[in-house]
$ cat coords_20.cif   # mmCIF, C-alpha atoms
data_input
loop_
_atom_site.label_atom_id
_atom_site.label_comp_id
_atom_site.auth_asym_id
_atom_site.auth_seq_id
_atom_site.Cartn_x
_atom_site.Cartn_y
_atom_site.Cartn_z
CA MET A 1 11.23 -16.49 5.66
CA THR A 2 12.94 -13.16 5.10
CA LEU A 3 11.31 -9.97 3.94
CA ASN A 4 12.16 -8.54 0.54
CA TRP A 5 13.51 -5.12 1.40
CA ASN A 6 14.01 -2.86 -1.62
CA ASP A 7 17.42 -1.61 -2.72
CA GLN A 8 17.15 1.18 -0.14
CA GLY A 9 16.43 -1.34 2.63
CA LEU A 10 12.78 -0.35 2.85
CA ILE A 11 9.41 -2.09 2.63
CA PRO A 12 6.05 -0.35 2.13
CA ALA A 13 3.52 -0.70 4.95
CA VAL A 14 -0.19 -0.24 4.36
CA VAL A 15 -1.86 0.91 7.56
CA GLN A 16 -5.49 -0.10 7.97
CA ASP A 17 -7.92 0.71 10.78
CA ALA A 18 -8.61 -2.64 12.43
CA GLY A 19 -12.07 -1.53 13.45
CA THR A 20 -13.47 0.27 10.41
CA GLY A 21 -11.36 -1.32 7.67
CA MET A 22 -10.44 2.13 6.37
CA VAL A 23 -7.03 2.33 4.68
CA LEU A 24 -5.35 5.12 6.60
CA MET A 25 -1.93 5.64 5.02
CA VAL A 26 1.03 4.02 3.35
CA ALA A 27 4.53 4.63 4.66
CA TRP A 28 7.90 2.91 4.56
CA MET A 29 9.70 0.86 7.17
CA ASN A 30 13.33 -0.09 7.42
CA GLU A 31 14.46 -2.96 9.60
CA GLU A 32 14.76 -0.76 12.69
CA ALA A 33 11.31 0.78 12.18
CA LEU A 34 9.79 -2.69 11.93
CA ARG A 35 11.70 -3.85 15.00
CA LEU A 36 10.44 -0.86 17.00
CA THR A 37 6.90 -1.35 15.69
CA ARG A 38 6.91 -4.94 16.89
CA ALA A 39 8.63 -4.22 20.19
CA THR A 40 6.45 -1.25 21.19
CA ARG A 41 3.25 -2.30 19.36
CA GLN A 42 3.01 1.21 17.93
CA THR A 43 3.78 2.09 14.32
CA HIS A 44 7.24 3.39 13.45
CA PHE A 45 8.35 4.30 9.95
CA TRP A 46 11.35 5.52 8.01
CA SER A 47 10.83 9.01 6.65
CA ARG A 48 12.43 9.11 3.21
CA SER A 49 12.20 12.92 3.06
CA ARG A 50 13.75 13.47 6.49
CA GLN A 51 15.93 10.34 6.37
CA ALA A 52 14.98 9.60 9.95
CA LEU A 53 13.05 7.16 12.06
CA TRP A 54 9.57 8.36 12.81
CA HIS A 55 7.36 7.23 15.67
CA LYS A 56 3.91 7.99 14.29
CA GLY A 57 2.09 10.28 16.70
CA ALA A 58 5.14 11.10 18.83
CA THR A 59 4.47 14.82 18.40
CA SER A 60 0.79 14.89 17.33
CA GLY A 61 -0.41 12.29 19.82
CA ASN A 62 -2.03 10.40 16.97
CA THR A 63 -0.28 7.12 17.64
CA GLN A 64 -1.39 3.85 16.11
CA ASP A 65 -1.61 0.74 18.29
CA VAL A 66 -0.70 -2.34 16.32
CA VAL A 67 -3.23 -5.17 16.33
CA GLU A 68 -1.71 -7.47 13.74
CA ILE A 69 0.86 -7.38 10.94
CA TYR A 70 0.37 -9.32 7.72
CA VAL A 71 2.86 -10.02 4.91
CA ASP A 72 1.89 -10.42 1.27
CA CYS A 73 2.57 -13.48 -0.88
CA ASP A 74 5.91 -12.28 -2.21
CA GLU A 75 7.00 -10.77 1.10
CA ASP A 76 7.56 -7.26 -0.18
CA VAL A 77 4.63 -5.40 1.39
CA LEU A 78 3.32 -5.28 4.97
CA LEU A 79 -0.28 -4.71 6.05
CA VAL A 80 -0.48 -3.27 9.56
CA LYS A 81 -3.86 -3.33 11.25
CA VAL A 82 -4.10 -0.68 13.93
CA ASN A 83 -6.30 1.06 16.43
CA PRO A 84 -5.54 4.75 15.80
CA ALA A 85 -5.58 7.31 18.60
CA GLY A 86 -6.53 10.06 16.12
CA PRO A 87 -6.37 11.07 12.45
CA ALA A 88 -3.65 9.42 10.38
CA CYS A 89 -3.10 12.37 8.06
CA HIS A 90 -1.08 15.47 8.85
CA THR A 91 -3.96 17.46 7.30
CA GLY A 92 -6.25 16.28 10.09
CA ALA A 93 -8.14 13.88 7.83
CA THR A 94 -8.89 10.44 9.26
CA SER A 95 -7.17 8.86 6.26
CA CYS A 96 -4.52 10.22 3.91
CA PHE A 97 -6.73 8.97 1.04
CA PHE A 98 -9.38 11.66 1.29
CA ARG A 99 -9.42 12.82 -2.34
CA LYS A 100 -10.72 11.08 -5.44
CA LEU A 101 -8.41 10.97 -8.44
CA ASP A 102 -11.18 11.90 -10.90
CA GLU A 103 -11.76 15.17 -9.09
CA LEU A 104 -8.07 16.05 -9.01
CA LEU A 105 -6.89 14.79 -12.34
CA PRO A 106 -9.67 14.46 -14.91
CA GLU A 107 -9.06 11.52 -17.19
CA GLU A 108 -8.61 13.62 -20.32
CA ASP A 109 -5.81 15.59 -18.60
CA GLN A 110 -3.84 12.56 -17.53
CA ALA A 111 -1.21 12.91 -20.29
CA MET B 1 -2.26 18.25 -9.57
CA THR B 2 0.28 15.78 -10.84
CA LEU B 3 1.12 12.44 -9.32
CA ASN B 4 4.52 11.86 -7.77
CA TRP B 5 5.87 8.96 -9.79
CA ASN B 6 9.04 7.44 -8.38
CA ASP B 7 12.36 7.51 -10.19
CA GLN B 8 11.27 4.45 -12.17
CA GLY B 9 8.08 6.19 -13.24
CA LEU B 10 5.93 4.06 -10.95
CA ILE B 11 3.40 4.63 -8.19
CA PRO B 12 2.19 1.99 -5.70
CA ALA B 13 -1.50 1.11 -5.82
CA VAL B 14 -3.26 -0.44 -2.84
CA VAL B 15 -6.21 -2.51 -4.04
CA GLN B 16 -9.11 -2.80 -1.61
CA ASP B 17 -12.36 -4.74 -1.96
CA ALA B 18 -15.06 -2.06 -2.14
CA GLY B 19 -17.59 -4.35 -0.56
CA THR B 20 -15.75 -6.07 2.27
CA GLY B 21 -12.99 -3.52 2.91
CA MET B 22 -10.38 -6.27 2.68
CA VAL B 23 -6.98 -5.10 1.42
CA LEU B 24 -6.37 -7.46 -1.50
CA MET B 25 -2.95 -6.61 -2.89
CA VAL B 26 -0.42 -3.88 -3.60
CA ALA B 27 1.04 -3.51 -7.07
CA TRP B 28 2.70 -0.80 -9.14
CA MET B 29 1.31 1.33 -11.94
CA ASN B 30 3.12 3.35 -14.55
CA GLU B 31 1.36 6.11 -16.45
CA GLU B 32 0.08 3.73 -19.12
CA ALA B 33 -1.24 1.23 -16.55
CA LEU B 34 -3.13 4.02 -14.83
CA ARG B 35 -4.48 5.30 -18.14
CA LEU B 36 -5.73 1.81 -19.05
CA THR B 37 -7.19 1.31 -15.56
CA ARG B 38 -9.18 4.51 -15.90
CA ALA B 39 -10.21 3.91 -19.50
CA THR B 40 -11.32 0.30 -19.06
CA ARG B 41 -12.39 0.50 -15.40
CA GLN B 42 -10.39 -2.67 -14.73
CA THR B 43 -7.07 -2.73 -12.90
CA HIS B 44 -3.86 -2.72 -14.92
CA PHE B 45 -0.38 -2.71 -13.41
CA TRP B 46 3.26 -2.61 -14.37
CA SER B 47 5.01 -5.87 -13.53
CA ARG B 48 8.49 -4.99 -12.31
CA SER B 49 9.69 -8.60 -12.57
CA ARG B 50 8.41 -9.09 -16.10
CA GLN B 51 8.86 -5.42 -17.13
CA ALA B 52 5.50 -5.54 -18.85
CA LEU B 53 2.00 -4.15 -18.59
CA TRP B 54 -0.32 -6.51 -16.81
CA HIS B 55 -4.11 -6.57 -17.08
CA LYS B 56 -5.05 -8.21 -13.79
CA GLY B 57 -7.16 -11.28 -14.50
CA ALA B 58 -6.49 -11.35 -18.25
CA THR B 59 -5.42 -14.98 -18.01
CA SER B 60 -6.96 -16.08 -14.68
CA GLY B 61 -10.30 -14.41 -15.19
CA ASN B 62 -9.90 -12.76 -11.78
CA THR B 63 -10.35 -9.21 -13.02
CA GLN B 64 -11.01 -6.29 -10.71
CA ASP B 65 -13.70 -3.77 -11.65
CA VAL B 66 -12.74 -0.30 -10.47
CA VAL B 67 -15.25 1.51 -8.30
CA GLU B 68 -13.18 4.52 -7.25
CA ILE B 69 -9.58 5.66 -7.14
CA TYR B 70 -8.22 7.77 -4.29
CA VAL B 71 -4.90 9.63 -4.00
CA ASP B 72 -3.06 10.19 -0.75
CA CYS B 73 -2.11 13.57 0.69
CA ASP B 74 1.32 13.72 -0.92
CA GLU B 75 0.15 12.20 -4.19
CA ASP B 76 2.55 9.27 -4.19
CA VAL B 77 0.19 6.36 -3.47
CA LEU B 78 -3.12 5.32 -5.04
CA LEU B 79 -5.96 3.47 -3.33
CA VAL B 80 -8.11 1.57 -5.81
CA LYS B 81 -11.44 0.29 -4.57
CA VAL B 82 -12.64 -2.64 -6.66
CA ASN B 83 -15.22 -5.33 -7.07
CA PRO B 84 -13.11 -8.44 -7.70
CA ALA B 85 -14.30 -11.25 -9.97
CA GLY B 86 -12.23 -13.77 -7.97
CA PRO B 87 -9.23 -14.16 -5.68
CA ALA B 88 -6.59 -11.43 -5.93
CA CYS B 89 -3.65 -13.70 -5.13
CA HIS B 90 -1.94 -16.07 -7.55
CA THR B 91 -2.01 -18.64 -4.70
CA GLY B 92 -5.80 -18.67 -4.84
CA ALA B 93 -6.16 -16.71 -1.61
CA THR B 94 -8.76 -13.94 -1.59
CA SER B 95 -6.08 -11.48 -0.50
CA CYS B 96 -2.31 -11.57 -0.94
CA PHE B 97 -2.07 -10.71 2.79
CA PHE B 98 -3.05 -14.13 4.11
CA ARG B 99 -0.13 -14.70 6.50
CA LYS B 100 0.68 -13.08 9.80
CA LEU B 101 4.21 -11.81 10.28
CA ASP B 102 4.52 -13.25 13.79
CA GLU B 103 3.93 -16.75 12.46
CA LEU B 104 6.49 -16.37 9.68
CA LEU B 105 9.16 -14.33 11.34
CA PRO B 106 9.16 -14.56 15.14
CA GLU B 107 10.19 -11.29 16.68
CA GLU B 108 13.39 -12.65 18.17
CA ASP B 109 14.54 -13.82 14.69
CA GLN B 110 13.95 -10.51 12.99
CA ALA B 111 17.44 -9.20 12.74
#
$ encode --input "coords_20.cif" --output "structure tokens"
Amino acid sequence: MTLNWNDQGLIPAVVQDAGTGMVLMVAWMNEEALRLTRATRQTHFWSRSRQALWHKGATSGNTQDVVEIYVDCDEDVLLVKVNPAGPACHTGATSCFFRKLDELLPEEDQA
Amino acid sequence: MTLNWNDQGLIPAVVQDAGTGMVLMVAWMNEEALRLTRATRQTHFWSRSRQALWHKGATSGNTQDVVEIYVDCDEDVLLVKVNPAGPACHTGATSCFFRKLDELLPEEDQA
């Protein structure tokens, strides 16, 4: 099996709290980020905005210890179950998904 | 607030079982798929391989009733919590993430 990296050499990774089941964040991995994630058992990503490898929590301390990595049926998405050392979101929220769409973008305004 | 659609006009949507917390699948929505998802309260996606709108479960019966939609902090991923009528995966598995990476791609074979 090989993973289906996109045309930028990236694959999306859904990060889920292994204990609570909460979906914490979605970020992108390139081959090196995945290799480092597996080797160190802590999440690493590729920052598309900074065009740089990113060890999650390296500066904030909010690392994520990897429990298990799953692949989806067509091998183009990863699901990483983790034990987080702190909030996943740079805002300080436990999860990056802390806002409901209906409150932000009422249906009639969608376009 | 506006969503950050990618350069193909798409946004990834993580679909999670609202009851069990299981991550079921990840698929892509365009603006019309999101509009239909909100209007019908059942998930709709954009199939990149078929280049067509896709009402999940329209043929299989395995629809997903939408409970709530969340947006992440940088507005480029959706989290859709659903009550599924059946398996999410075309293989018949409850979730598309039914295989562990280590079993498919041993670490030493990664690169």
$ closest_atom_pairs --input "coords_20.cif" --of "region 2-82 of chain A" --to "region 13-22 of chain B" --cutoff "10 Å" --atoms "only C-alpha atoms" --output "CSV"
residue,atom,partner,partner_atom,distance
A:Val14,CA,B:Val14,CA,7.8
A:Gln16,CA,B:Met22,CA,9.5
A:Thr20,CA,B:Gly21,CA,8.4
A:Gly21,CA,B:Gly21,CA,5.5
A:Met22,CA,B:Gly21,CA,7.1
A:Val23,CA,B:Gln16,CA,8.4
A:Val26,CA,B:Val14,CA,8.8
$ write_last_selection --input "coords_20.cif" --atoms "C-alpha atoms" --output "PDB file, keeping the file's coordinate frame"
ATOM      1  CA  VAL A  14      -0.190  -0.240   4.360  1.00  0.00           C
ATOM      2  CA  GLN A  16      -5.490  -0.100   7.970  1.00  0.00           C
ATOM      3  CA  THR A  20     -13.470   0.270  10.410  1.00  0.00           C
ATOM      4  CA  GLY A  21     -11.360  -1.320   7.670  1.00  0.00           C
ATOM      5  CA  MET A  22     -10.440   2.130   6.370  1.00  0.00           C
ATOM      6  CA  VAL A  23      -7.030   2.330   4.680  1.00  0.00           C
ATOM      7  CA  VAL A  26       1.030   4.020   3.350  1.00  0.00           C
TER       8      VAL A  26
END
$ resolve_selection --input "coords_20.cif" --expression "the PyMOL selection byres ((chain B and resi 54-60) around 6)" --output "short mmCIF file (atom, residue, chain, number, x, y, z; two decimals) with C-alpha atoms, in the frame of the given file"
data_model
loop_
_atom_site.label_atom_id
_atom_site.label_comp_id
_atom_site.auth_asym_id
_atom_site.auth_seq_id
_atom_site.Cartn_x
_atom_site.Cartn_y
_atom_site.Cartn_z
CA THR B 43 -7.07 -2.73 -12.90
CA HIS B 44 -3.86 -2.72 -14.92
CA PHE B 45 -0.38 -2.71 -13.41
CA TRP B 46 3.26 -2.61 -14.37
CA LEU B 53 2.00 -4.15 -18.59
CA GLY B 61 -10.30 -14.41 -15.19
CA ASN B 62 -9.90 -12.76 -11.78
CA THR B 63 -10.35 -9.21 -13.02
#
$ resolve_selection --input "coords_20.cif" --expression "the PyMOL selection byres ((chain A) within 6 of (chain B))" --output "VMD selection string"
chain A and resid 21 69 to 73 96 to 97 99 to 101
$ write_last_selection --input "coords_20.cif" --atoms "C-alpha atoms" --output "short mmCIF file (atom, residue, chain, number, x, y, z; two decimals), in the frame of the given file"
data_model
loop_
_atom_site.label_atom_id
_atom_site.label_comp_id
_atom_site.auth_asym_id
_atom_site.auth_seq_id
_atom_site.Cartn_x
_atom_site.Cartn_y
_atom_site.Cartn_z
CA GLY A 21 -11.36 -1.32 7.67
CA ILE A 69 0.86 -7.38 10.94
CA TYR A 70 0.37 -9.32 7.72
CA VAL A 71 2.86 -10.02 4.91
CA ASP A 72 1.89 -10.42 1.27
CA CYS A 73 2.57 -13.48 -0.88
CA CYS A 96 -4.52 10.22 3.91
CA PHE A 97 -6.73 8.97 1.04
CA ARG A 99 -9.42 12.82 -2.34
CA LYS A 100 -10.72 11.08 -5.44
CA LEU A 101 -8.41 10.97 -8.44
#
$ residues_around --input "coords_20.cif" --residues "Gln51 (chain A)" --least-positions-apart "4" --cutoff "12 Å" --atoms "only C-alpha atoms" --output "PDB file with C-alpha atoms, keeping the file's coordinate frame"
ATOM      1  CA  GLN A   8      17.150   1.180  -0.140  1.00  0.00           C
ATOM      2  CA  LEU A  10      12.780  -0.350   2.850  1.00  0.00           C
ATOM      3  CA  TRP A  28       7.900   2.910   4.560  1.00  0.00           C
ATOM      4  CA  MET A  29       9.700   0.860   7.170  1.00  0.00           C
ATOM      5  CA  ASN A  30      13.330  -0.090   7.420  1.00  0.00           C
ATOM      6  CA  PHE A  45       8.350   4.300   9.950  1.00  0.00           C
ATOM      7  CA  TRP A  46      11.350   5.520   8.010  1.00  0.00           C
ATOM      8  CA  SER A  47      10.830   9.010   6.650  1.00  0.00           C
TER       9      SER A  47
END
$ atom_distance --input "coords_20.cif" --atom1 "CA of Ser49 (chain A)" --atom2 "CA of Trp5 (chain B)"
14.9 Å
$ atom_distance --input "coords_20.cif" --atom1 "CA of Thr94 (chain B)" --atom2 "CA of Asp65 (chain B)"
15.1 Å
$ residues_near_point --input "coords_20.cif" --point "(2.4, 0.0, 18.1)" --cutoff "6 Å" --atoms "only C-alpha atoms" --output "ChimeraX atom specification"
/A:37,40-43,64-66
$ atom_distance --input "coords_20.cif" --atom1 "CA of Ile11 (chain B)" --atom2 "CA of Lys81 (chain B)"
15.9 Å
$ build_atoms --input "coords_20.cif" --residues "region 18-29 of chain B" --atoms "all heavy atoms" --output "PDB file, keeping the file's coordinate frame"
ATOM      1  N   ALA B  18     -14.110  -3.135  -2.455  1.00  0.00           N
ATOM      2  CA  ALA B  18     -15.060  -2.060  -2.140  1.00  0.00           C
ATOM      3  C   ALA B  18     -16.197  -2.542  -1.264  1.00  0.00           C
ATOM      4  O   ALA B  18     -16.804  -1.758  -0.528  1.00  0.00           O
ATOM      5  CB  ALA B  18     -15.606  -1.453  -3.433  1.00  0.00           C
ATOM      6  N   GLY B  19     -16.484  -3.824  -1.339  1.00  0.00           N
ATOM      7  CA  GLY B  19     -17.590  -4.350  -0.560  1.00  0.00           C
ATOM      8  C   GLY B  19     -17.198  -4.747   0.851  1.00  0.00           C
ATOM      9  O   GLY B  19     -17.806  -4.307   1.828  1.00  0.00           O
ATOM     10  N   THR B  20     -16.123  -5.527   0.967  1.00  0.00           N
ATOM     11  CA  THR B  20     -15.750  -6.070   2.270  1.00  0.00           C
ATOM     12  C   THR B  20     -14.736  -5.212   3.018  1.00  0.00           C
ATOM     13  O   THR B  20     -14.540  -5.383   4.219  1.00  0.00           O
ATOM     14  CB  THR B  20     -15.105  -7.466   2.113  1.00  0.00           C
ATOM     15  OG1 THR B  20     -13.854  -7.318   1.417  1.00  0.00           O
ATOM     16  CG2 THR B  20     -16.011  -8.400   1.321  1.00  0.00           C
ATOM     17  N   GLY B  21     -14.034  -4.319   2.290  1.00  0.00           N
ATOM     18  CA  GLY B  21     -12.990  -3.520   2.910  1.00  0.00           C
ATOM     19  C   GLY B  21     -11.664  -4.254   3.022  1.00  0.00           C
ATOM     20  O   GLY B  21     -10.675  -3.686   3.497  1.00  0.00           O
ATOM     21  N   MET B  22     -11.627  -5.504   2.583  1.00  0.00           N
ATOM     22  CA  MET B  22     -10.380  -6.270   2.680  1.00  0.00           C
ATOM     23  C   MET B  22      -9.307  -5.680   1.755  1.00  0.00           C
ATOM     24  O   MET B  22      -9.593  -5.371   0.590  1.00  0.00           O
ATOM     25  CB  MET B  22     -10.638  -7.727   2.298  1.00  0.00           C
ATOM     26  CG  MET B  22      -9.431  -8.633   2.453  1.00  0.00           C
ATOM     27  SD  MET B  22      -9.786 -10.354   1.975  1.00  0.00           S
ATOM     28  CE  MET B  22     -10.467 -10.984   3.500  1.00  0.00           C
ATOM     29  N   VAL B  23      -8.099  -5.508   2.276  1.00  0.00           N
ATOM     30  CA  VAL B  23      -6.980  -5.100   1.420  1.00  0.00           C
ATOM     31  C   VAL B  23      -6.526  -6.342   0.655  1.00  0.00           C
ATOM     32  O   VAL B  23      -6.141  -7.347   1.257  1.00  0.00           O
ATOM     33  CB  VAL B  23      -5.823  -4.505   2.243  1.00  0.00           C
ATOM     34  CG1 VAL B  23      -4.621  -4.211   1.345  1.00  0.00           C
ATOM     35  CG2 VAL B  23      -6.278  -3.226   2.937  1.00  0.00           C
ATOM     36  N   LEU B  24      -6.584  -6.275  -0.663  1.00  0.00           N
ATOM     37  CA  LEU B  24      -6.370  -7.460  -1.500  1.00  0.00           C
ATOM     38  C   LEU B  24      -4.926  -7.620  -1.947  1.00  0.00           C
ATOM     39  O   LEU B  24      -4.395  -8.725  -1.979  1.00  0.00           O
ATOM     40  CB  LEU B  24      -7.266  -7.388  -2.737  1.00  0.00           C
ATOM     41  CG  LEU B  24      -8.777  -7.316  -2.452  1.00  0.00           C
ATOM     42  CD1 LEU B  24      -9.543  -7.135  -3.757  1.00  0.00           C
ATOM     43  CD2 LEU B  24      -9.249  -8.559  -1.708  1.00  0.00           C
ATOM     44  N   MET B  25      -4.302  -6.530  -2.325  1.00  0.00           N
ATOM     45  CA  MET B  25      -2.950  -6.610  -2.890  1.00  0.00           C
ATOM     46  C   MET B  25      -2.387  -5.202  -3.005  1.00  0.00           C
ATOM     47  O   MET B  25      -3.114  -4.216  -2.905  1.00  0.00           O
ATOM     48  CB  MET B  25      -2.974  -7.260  -4.283  1.00  0.00           C
ATOM     49  CG  MET B  25      -3.871  -6.520  -5.270  1.00  0.00           C
ATOM     50  SD  MET B  25      -4.080  -7.375  -6.871  1.00  0.00           S
ATOM     51  CE  MET B  25      -2.487  -6.996  -7.629  1.00  0.00           C
ATOM     52  N   VAL B  26      -1.080  -5.134  -3.228  1.00  0.00           N
ATOM     53  CA  VAL B  26      -0.420  -3.880  -3.600  1.00  0.00           C
ATOM     54  C   VAL B  26       0.401  -4.173  -4.846  1.00  0.00           C
ATOM     55  O   VAL B  26       1.129  -5.182  -4.891  1.00  0.00           O
ATOM     56  CB  VAL B  26       0.498  -3.360  -2.478  1.00  0.00           C
ATOM     57  CG1 VAL B  26       1.328  -2.165  -2.958  1.00  0.00           C
ATOM     58  CG2 VAL B  26      -0.324  -2.963  -1.258  1.00  0.00           C
ATOM     59  N   ALA B  27       0.245  -3.357  -5.866  1.00  0.00           N
ATOM     60  CA  ALA B  27       1.040  -3.510  -7.070  1.00  0.00           C
ATOM     61  C   ALA B  27       1.406  -2.123  -7.571  1.00  0.00           C
ATOM     62  O   ALA B  27       1.028  -1.116  -6.969  1.00  0.00           O
ATOM     63  CB  ALA B  27       0.277  -4.308  -8.126  1.00  0.00           C
ATOM     64  N   TRP B  28       2.183  -2.072  -8.652  1.00  0.00           N
ATOM     65  CA  TRP B  28       2.700  -0.800  -9.140  1.00  0.00           C
ATOM     66  C   TRP B  28       2.057  -0.431 -10.464  1.00  0.00           C
ATOM     67  O   TRP B  28       1.804  -1.295 -11.306  1.00  0.00           O
ATOM     68  CB  TRP B  28       4.225  -0.893  -9.302  1.00  0.00           C
ATOM     69  CG  TRP B  28       4.915  -1.093  -7.983  1.00  0.00           C
ATOM     70  CD1 TRP B  28       5.053  -2.264  -7.291  1.00  0.00           C
ATOM     71  CD2 TRP B  28       5.551  -0.083  -7.176  1.00  0.00           C
ATOM     72  NE1 TRP B  28       5.737  -2.039  -6.108  1.00  0.00           N
ATOM     73  CE2 TRP B  28       6.048  -0.727  -6.017  1.00  0.00           C
ATOM     74  CE3 TRP B  28       5.743   1.300  -7.327  1.00  0.00           C
ATOM     75  CZ2 TRP B  28       6.730  -0.027  -5.016  1.00  0.00           C
ATOM     76  CZ3 TRP B  28       6.420   1.988  -6.325  1.00  0.00           C
ATOM     77  CH2 TRP B  28       6.908   1.326  -5.189  1.00  0.00           C
ATOM     78  N   MET B  29       1.813   0.836 -10.659  1.00  0.00           N
ATOM     79  CA  MET B  29       1.310   1.330 -11.940  1.00  0.00           C
ATOM     80  C   MET B  29       2.316   2.310 -12.528  1.00  0.00           C
ATOM     81  O   MET B  29       2.915   3.102 -11.797  1.00  0.00           O
ATOM     82  CB  MET B  29      -0.016   2.066 -11.761  1.00  0.00           C
ATOM     83  CG  MET B  29      -1.185   1.165 -11.401  1.00  0.00           C
ATOM     84  SD  MET B  29      -2.734   2.121 -11.375  1.00  0.00           S
ATOM     85  CE  MET B  29      -3.887   0.839 -10.844  1.00  0.00           C
TER      86      MET B  29
END
